[in-house]
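J.: This structure is in structure tokens; I'll ask about it shortly.
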Amino acid sequence: MSGKTYVVGVGMTKFEKPGSREWDYPDMAREAGTKALEDAGISYDEVEQAYVGYVYGESTSGQRAVYELGLTGIPVINVNNNCSTGSTALFLANQAVRSGVVDCALALGFEKMKAGSLTTTYDDREQPMTKHVVALSEMRELTFPLAPWMFGAAGVEHMEKYGSTPEQFAKIGQKNHRHSVNNPYAQFQDEYTLEEIQASKMIYEPLGLTRLQCSPTSDGSGAAIIVSERFVEHHDLGEQAIEIVGQAMVTDMTSTFENNSAAAVVGVEMTREAARKVYEQAGITPDEIDVIELHDCFSANELLTYEALGLCPGGDGGKLVDAGDTTYGGRWVVNPSGGLISKGHPLGATGLAQCSELTWQLRGEADKRQVDGAKIALQHNIGLGGAVVVTAYQPANR
């Protein structure tokens with residue numbers, strides 16, 4: 001793969017509490033997809049392939065979703081990769097364009113979820129995360145729900161090993177809720193004091209992990225138009241095009257299960273390897289990045305991801321929090337959208353919402369959330385079971 005690729009159009013819906021709005025997934029997809037096409041200034045007829053992500057839904061829901069945009073007979077590929085579904089659709093669309101197979105591809109993701117903690121759909125077969133749960137249960141006492149236990153256990157491991165504190169994790173939740181105040185697409189737009197974060201409903205006691213440090217279930221959709229350099233030139237889109245300068249997907253490795261580490265089980269090693277590949281592809285270092293959207297499904301994962309992305313040495317994530325290095329005025333602005341914790345987390349849409357936010361940031365179109373002088377952006381999206389996608393962006397005219 002050698003051709004340059006660009007994001008020229010993005011769109012998303014407001015993320016909503018499940019059941020709070022009278023809409024279905026075709027409505028969500030139509031809204032996000034139409035916005036992305038309008039942003040790109042093209043018609044659906046110019047899209048040559050579509051990659052459509054969702055976790056909860058019937059087979060070929062991807063076709064039903066994009067049929068809201070048109071019936072052109074193009075290949076429509078349904079994508080499911082747990083919480084990294086949206087960025088996996090983006091990865092596949094980017095791969096198709098970069099390889100020269102097509103000049104214009106649509107990545108679209110949506111989710112219509114049920115309220116409450118995630119549950120399994122099928123009980124007559126082995127669950128895909130059984131291997132992860134067994135490995136972690138040999139290190140930490142198993143509790144339910146599984147997701148906060150898994151990431152919470154990794155946070156406790158970090159506290160024991162490096163001395164990070166429950167307050168540092170709570171500060172991450174406080175930061176992300178504060179950021180979301182200025183995001184009209186966010187599910188929550190309320191600011192909280194640190195005391196309110198810590199006093200909210202306890203979800204995982206050993207870490208002090210409270211409800212306001214956890215991502216909610218959400219409904220919503222996101223979309224991105226990925227095109228070739230030739231397409232950009234033909235349509236004169238250089239001023240709005242955002243180049244994908246590096247992208248990598250990594251799945252579980254032997255280190256996930258052999259390191260005797262809760263952090264490894266929840267994907268830190270995948271993230272570290274994907275980031276290494278992206279930095280090499282893009283020819284950048286973490287210090288050159290201005291703005292980051294990362295997978296803060298729980299506050300513990302945001303702190304662990306600081307280290308896995310190379311923002312600081314292992315064990316120093318808490319120091320970044322205390323120094324204010326991950327918010328406005330710091331070394332990076334992490335999750336200016338409010339992140340999953342406050343923006344919301346409709347699984348199939350999350351990665352494309354991250355792409356949308358970073359595209360707006362690099363164009364200077366993020367309004368009150370704008371990171372001054374943002375020129376290089378990094379996206380991180382992870383799904384257990386497992387897959388992580390890391391993507392680096394910069395404006396085409398940089």
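Each chain in the structure tokens gets a letter, A, B, ..., in the order shown, and its residues are numbered from 1; ligands are numbered from 1 in order too.
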Assign secondary structure with DSSP using the backbone only, and return the residues of region 94-238 of chain A in strand (DSSP E) as a list of chain:residue names.
T.: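 Those residues are A:Cys104, A:Ala105, A:Leu106, A:Ala107, A:Leu108, A:Gly109, A:Phe110, A:Glu111, A:Met202, A:Ile203, A:Tyr204, A:Leu209, A:Thr210, A:Gly220, A:Ser221, A:Gly222, A:Ala223, A:Ala224, A:Ile225, A:Ile226, A:Val227, A:Ser228.
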J.: For Glu16 (chain A), please output as a PDB file with N, CA and C atoms, in the first residue's frame all residues within 10 Å (counting only C-alpha atoms; exclusion window: fewer than 4 positions along the same chain).
T.:
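Output below, filename selection.pdb:
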ATOM      1  N   SER A  20     -34.278   7.155  24.478  1.00  0.00           N
ATOM      2  CA  SER A  20     -34.701   8.523  24.781  1.00  0.00           C
ATOM      3  C   SER A  20     -35.194   9.269  23.554  1.00  0.00           C
ATOM      4  N   ARG A  21     -34.978   8.701  22.375  1.00  0.00           N
ATOM      5  CA  ARG A  21     -35.375   9.352  21.125  1.00  0.00           C
ATOM      6  C   ARG A  21     -36.062   8.329  20.231  1.00  0.00           C
ATOM      7  N   LYS A 112     -27.763   0.766  18.115  1.00  0.00           N
ATOM      8  CA  LYS A 112     -28.993   0.936  18.887  1.00  0.00           C
ATOM      9  C   LYS A 112     -28.894  -0.047  20.036  1.00  0.00           C
ATOM     10  N   TYR A 185     -22.787  17.293  20.463  1.00  0.00           N
ATOM     11  CA  TYR A 185     -23.071  15.908  20.099  1.00  0.00           C
ATOM     12  C   TYR A 185     -22.999  14.961  21.305  1.00  0.00           C
ATOM     13  N   ALA A 186     -22.560  15.453  22.455  1.00  0.00           N
ATOM     14  CA  ALA A 186     -22.318  14.588  23.605  1.00  0.00           C
ATOM     15  C   ALA A 186     -23.608  14.181  24.303  1.00  0.00           C
ATOM     16  N   GLN A 187     -23.620  12.949  24.784  1.00  0.00           N
ATOM     17  CA  GLN A 187     -24.760  12.438  25.535  1.00  0.00           C
ATOM     18  C   GLN A 187     -24.946  13.215  26.834  1.00  0.00           C
ATOM     19  N   PHE A 188     -23.829  13.557  27.478  1.00  0.00           N
ATOM     20  CA  PHE A 188     -23.861  14.340  28.722  1.00  0.00           C
ATOM     21  C   PHE A 188     -23.111  15.643  28.502  1.00  0.00           C
ATOM     22  N   PRO A 216     -21.258   5.280  29.229  1.00  0.00           N
ATOM     23  CA  PRO A 216     -22.623   4.760  29.260  1.00  0.00           C
ATOM     24  C   PRO A 216     -22.939   3.966  27.999  1.00  0.00           C
ATOM     25  N   THR A 217     -24.047   3.256  27.997  1.00  0.00           N
ATOM     26  CA  THR A 217     -24.602   2.727  26.748  1.00  0.00           C
ATOM     27  C   THR A 217     -25.263   3.885  26.014  1.00  0.00           C
ATOM     28  N   SER A 218     -25.231   3.830  24.696  1.00  0.00           N
ATOM     29  CA  SER A 218     -25.675   4.978  23.899  1.00  0.00           C
ATOM     30  C   SER A 218     -26.238   4.522  22.565  1.00  0.00           C
ATOM     31  N   ASP A 219     -27.086   5.355  21.989  1.00  0.00           N
ATOM     32  CA  ASP A 219     -27.522   5.217  20.606  1.00  0.00           C
ATOM     33  C   ASP A 219     -26.861   6.317  19.788  1.00  0.00           C
ATOM     34  N   GLY A 220     -26.526   5.999  18.536  1.00  0.00           N
ATOM     35  CA  GLY A 220     -25.973   7.037  17.683  1.00  0.00           C
ATOM     36  C   GLY A 220     -25.223   6.476  16.500  1.00  0.00           C
ATOM     37  N   LYS A 343     -19.139  11.823  26.169  1.00  0.00           N
ATOM     38  CA  LYS A 343     -19.762  11.923  24.847  1.00  0.00           C
ATOM     39  C   LYS A 343     -20.715  10.761  24.625  1.00  0.00           C
ATOM     40  N   GLY A 344     -20.370   9.579  25.181  1.00  0.00           N
ATOM     41  CA  GLY A 344     -21.176   8.386  24.989  1.00  0.00           C
ATOM     42  C   GLY A 344     -20.422   7.336  24.200  1.00  0.00           C
ATOM     43  N   HIS A 345     -20.975   6.127  24.153  1.00  0.00           N
ATOM     44  CA  HIS A 345     -20.261   5.006  23.539  1.00  0.00           C
ATOM     45  C   HIS A 345     -21.211   4.044  22.830  1.00  0.00           C
ATOM     46  N   PRO A 346     -21.835   4.482  21.702  1.00  0.00           N
ATOM     47  CA  PRO A 346     -22.540   3.526  20.848  1.00  0.00           C
ATOM     48  C   PRO A 346     -21.494   2.741  20.068  1.00  0.00           C
TER      49      PRO A 346
END
J.: Between A:Val390, A:Leu37, A:Ile341, A:Ala154, which has the minimum distance to Tyr204 (chain A) (counting only C-alpha atoms)?
T.: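 Between A:Val390, A:Leu37, A:Ile341, A:Ala154, the residue approaching Tyr204 (chain A) most closely is A:Ala154.
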J.: In Å, how far is it from CA of Val76 (chain A) to CA of Ala50 (chain A)?
T.: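 A separation of 4.8 Å between them.
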J.: Using only C-alpha atoms, determine which residues lie at most 9 Å from region 370-379 of chain A, disregarding the query and same-chain residues fewer than 2 positions distant; provide the list as a VMD selection string.
T.: chain A and resid 288 to 295 328 333 336 351 354 to 355 358 to 368 381 389 to 395 398
J.: I need the residues from that last selection saved to file as a short mmCIF file (atom, residue, chain, number, x, y, z; two decimals), in the first residue's frame (with N, CA and C atoms), if you can.
T.:
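The resulting file, again-v4.cif, is shown below:
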data_model
loop_
_atom_site.label_atom_id
_atom_site.label_comp_id
_atom_site.auth_asym_id
_atom_site.auth_seq_id
_atom_site.Cartn_x
_atom_site.Cartn_y
_atom_site.Cartn_z
N GLU A 288 5.05 15.40 19.28
CA GLU A 288 4.60 16.25 18.17
C GLU A 288 3.08 16.27 18.04
N ILE A 289 2.40 15.40 18.76
CA ILE A 289 0.93 15.33 18.68
C ILE A 289 0.32 16.49 19.47
N ASP A 290 -0.77 17.04 18.96
CA ASP A 290 -1.45 18.14 19.63
C ASP A 290 -2.73 17.71 20.32
N VAL A 291 -3.49 16.83 19.67
CA VAL A 291 -4.82 16.48 20.18
C VAL A 291 -5.04 14.98 19.99
N ILE A 292 -5.69 14.36 20.97
CA ILE A 292 -5.86 12.91 20.99
C ILE A 292 -7.30 12.57 21.38
N GLU A 293 -7.90 11.67 20.63
CA GLU A 293 -9.14 11.03 21.06
C GLU A 293 -8.81 9.58 21.35
N LEU A 294 -8.95 9.15 22.60
CA LEU A 294 -8.61 7.78 22.96
C LEU A 294 -9.76 7.11 23.69
N HIS A 295 -9.63 5.80 23.82
CA HIS A 295 -10.74 4.95 24.26
C HIS A 295 -10.82 4.91 25.79
N TYR A 328 -6.67 21.33 28.20
CA TYR A 328 -6.33 22.60 27.58
C TYR A 328 -5.27 23.32 28.42
N VAL A 333 -4.18 17.83 24.43
CA VAL A 333 -5.58 17.83 24.85
C VAL A 333 -6.13 16.46 24.50
N PRO A 336 -11.04 15.99 23.78
CA PRO A 336 -11.75 17.26 23.82
C PRO A 336 -13.25 17.11 23.60
N GLY A 351 -15.61 4.85 17.00
CA GLY A 351 -14.40 5.14 16.25
C GLY A 351 -14.61 6.21 15.20
N GLN A 354 -14.81 9.61 16.90
CA GLN A 354 -13.44 10.08 17.18
C GLN A 354 -12.82 10.70 15.94
N CYS A 355 -12.99 10.03 14.79
CA CYS A 355 -12.49 10.55 13.52
C CYS A 355 -13.12 11.90 13.20
N LEU A 358 -11.58 14.70 15.46
CA LEU A 358 -10.21 15.06 15.10
C LEU A 358 -10.15 15.77 13.76
N THR A 359 -11.04 15.41 12.84
CA THR A 359 -11.13 16.13 11.57
C THR A 359 -11.51 17.58 11.81
N TRP A 360 -12.53 17.81 12.65
CA TRP A 360 -12.93 19.18 12.98
C TRP A 360 -11.79 19.94 13.67
N GLN A 361 -11.09 19.27 14.57
CA GLN A 361 -9.99 19.92 15.27
C GLN A 361 -8.91 20.37 14.30
N LEU A 362 -8.52 19.51 13.38
CA LEU A 362 -7.44 19.84 12.45
C LEU A 362 -7.86 20.86 11.40
N ARG A 363 -9.14 20.97 11.14
CA ARG A 363 -9.65 22.02 10.24
C ARG A 363 -9.86 23.34 10.97
N GLY A 364 -9.81 23.31 12.29
CA GLY A 364 -10.11 24.51 13.06
C GLY A 364 -11.59 24.78 13.17
N GLU A 365 -12.40 23.72 13.13
CA GLU A 365 -13.86 23.85 13.11
C GLU A 365 -14.52 23.33 14.38
N ALA A 366 -13.78 23.22 15.47
CA ALA A 366 -14.32 22.59 16.69
C ALA A 366 -14.93 23.59 17.66
N ASP A 367 -15.10 24.84 17.23
CA ASP A 367 -15.81 25.84 18.02
C ASP A 367 -15.17 25.99 19.40
N LYS A 368 -15.95 25.93 20.45
CA LYS A 368 -15.42 26.17 21.80
C LYS A 368 -14.49 25.06 22.27
N ASN A 381 -8.75 3.45 19.46
CA ASN A 381 -10.04 2.79 19.69
C ASN A 381 -9.77 1.31 19.91
N VAL A 389 -7.22 -0.15 17.06
CA VAL A 389 -6.87 0.61 15.87
C VAL A 389 -6.35 1.97 16.32
N VAL A 390 -5.16 2.32 15.85
CA VAL A 390 -4.57 3.63 16.12
C VAL A 390 -4.37 4.32 14.78
N THR A 391 -4.73 5.61 14.70
CA THR A 391 -4.67 6.36 13.46
C THR A 391 -4.09 7.74 13.73
N ALA A 392 -3.19 8.19 12.86
CA ALA A 392 -2.63 9.55 12.95
C ALA A 392 -3.10 10.36 11.75
N TYR A 393 -3.38 11.64 12.01
CA TYR A 393 -3.92 12.55 10.99
C TYR A 393 -3.14 13.86 10.97
N GLN A 394 -3.12 14.50 9.81
CA GLN A 394 -2.67 15.87 9.70
C GLN A 394 -3.35 16.52 8.49
N PRO A 395 -3.49 17.84 8.46
CA PRO A 395 -4.12 18.48 7.31
C PRO A 395 -3.34 18.21 6.02
N ARG A 398 -0.65 20.82 5.13
CA ARG A 398 0.35 21.15 6.15
C ARG A 398 1.74 21.14 5.56
#
J.: For a quick check of understanding, using only C-alpha atoms, which of A:Phe110, A:Tyr162, A:Phe91, A:Tyr192 has the smallest distance to Lys175 (chain A)?
T.: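 Ranked by minimum distance to Lys175 (chain A), first place goes to A:Tyr192.
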J.: For Ser215 (chain A), which residue out of A:Ser342, A:Trp332, A:Ser61, A:Asn94 is the nearest one, using only C-alpha atoms?
T.: A:Ser342
